[in-house]
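Chemist: Shown below is the structure under consideration.
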Amino acid sequence: STPTAWSNADVYLADLLVGHDPELDAALAAQREAGLPEIEVAPVGGKLLNLLARISGARRVLEIGTLGGYSTIWLARAVGEGGRVVTIEAEADNAAVARASIDAAGVGDRVEIRIGRGADVLPTLVGGFDLVFIDADKESNTIYLDWAARLGHTGTVVVLDNIGREGEIVRTDSTDSKVNGTRDALRMLGEDPRFDATALQTVGVKGWDGVALAVIV
Ligand code: DHB
Ligand code: MG
């Protein structure tokens, strides 16, 4: 088993189960064109977010970390016409790319992009979110989990991206701030009584990583 094999199998699964559509392909092309980092969720991950939102019946979704709007479009499609996605992006240039792609995907009316640092924007939001997707600076993960609990309700689904980090999460002596932010978040999901959680490691087009899933209890 090699990263190439993981990636080939991931592309195979995405072709079979996710497919391609012009809006999402255009969003990725716009993001590449603008030189944004190629760290958006994989196609199978975008579809997972879409399915989790639909399975849970989410109508109000909060995303922390918009990047170019690829995952935002997946979530916006899931909430339906009367639904709402609030997405927070620290970089105004990223938010402009996302705004254009989200509008071009036909879901602009249900997506509000809030530009600013999560720690600054989150205290200004009105709660009631049914699903929270955390995919921003890993150093702030525990702050974001705390706000997810405050702005959610019993039954709110919380999804935390990038919990695998090529297995580095076991390193108690790590000096990588992203690894330590992820370790702190995983400990919080285990210890904080507001959450009941699990986590799955993933391999695929993004290498070896993973996703944590939690429900607010
Ligand atoms: C990084 C961030 C992400 O959200 C991701 O999915 C992959 C990598 C990063 O900051 O390295
Ligand atoms: Mg991510």
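Letters A, B, ... mark the chains of the structure tokens in the order given; residue numbers begin at 1 per chain; ligand numbers begin at 1, in order shown.
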Taking only C-alpha atoms and all ligand atoms and a cut-off of 8 Å, can you tell me which residues surround ligand 1, written as a PDB file with C-alpha atoms, in the first residue's frame?
Modeler:
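Output file result.pdb follows:
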```
ATOM      1  CA  ILE A  39      -6.244  21.843   0.781  1.00  0.00           C
ATOM      2  CA  GLU A  40      -9.998  21.738   0.214  1.00  0.00           C
ATOM      3  CA  VAL A  41     -11.806  18.571   1.229  1.00  0.00           C
ATOM      4  CA  GLY A  65     -12.793  28.023   7.105  1.00  0.00           C
ATOM      5  CA  ASP A 135     -11.741  23.321   8.903  1.00  0.00           C
ATOM      6  CA  ALA A 136      -9.627  26.379   9.664  1.00  0.00           C
ATOM      7  CA  ASP A 137      -6.388  27.116  11.528  1.00  0.00           C
ATOM      8  CA  LYS A 138      -5.702  24.023  13.601  1.00  0.00           C
ATOM      9  CA  ASP A 161     -11.249  18.095   9.656  1.00  0.00           C
ATOM     10  CA  ASN A 162      -7.630  16.958   9.553  1.00  0.00           C
ATOM     11  CA  LYS A 178      -1.054  22.172  13.906  1.00  0.00           C
ATOM     12  CA  LYS A 206      -5.010  14.100   0.491  1.00  0.00           C
TER      13      LYS A 206
END
```
Chemist: Near A:Gly116, within 7 Å and counting only C-alpha atoms, which residues show up once chain neighbours fewer than 4 positions away are dropped, as a list in words?
Modeler: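 My reading of the contact set: Ile88, Glu89, Ala90, Asp120 and Val121 of chain A.
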Chemist: For ligand 2, which residue out of A:Arg54, A:Arg165, A:Arg99, A:Arg183 is the nearest one, using only C-alpha atoms and all ligand atoms?
Modeler: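 Distance minimum relative to ligand 2 lands on A:Arg165.
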Chemist: Go through stretch 54-160 of chain A and collect every residue that DSSP, computed from the backbone, puts in alpha helix (DSSP H); the answer should be as an MDAnalysis selection string.
Modeler: chainID A and resid 54:55 70:79 92:104 118:121 141:151
Chemist: Based on DSSP run over this structure's backbone, return all residues of stretch 55-111 of chain A in strand (DSSP E), as a PyMOL selection string.
Modeler: chain A and resi 60-64+84-89+111
Chemist: Quick one: distance from atom CA of A:Gly69 to atom CA of A:Val86 in Å, one decimal?
Modeler: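 Atom CA of A:Val86 lies 11.5 Å from atom CA of A:Gly69.
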Chemist: For ligand 2, which of A:Ala197, A:Ala100, A:Val159, A:Leu52 is the closest residue, counting only C-alpha atoms and all ligand atoms?
Modeler: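 Smallest distance to ligand 2 is found for A:Val159.
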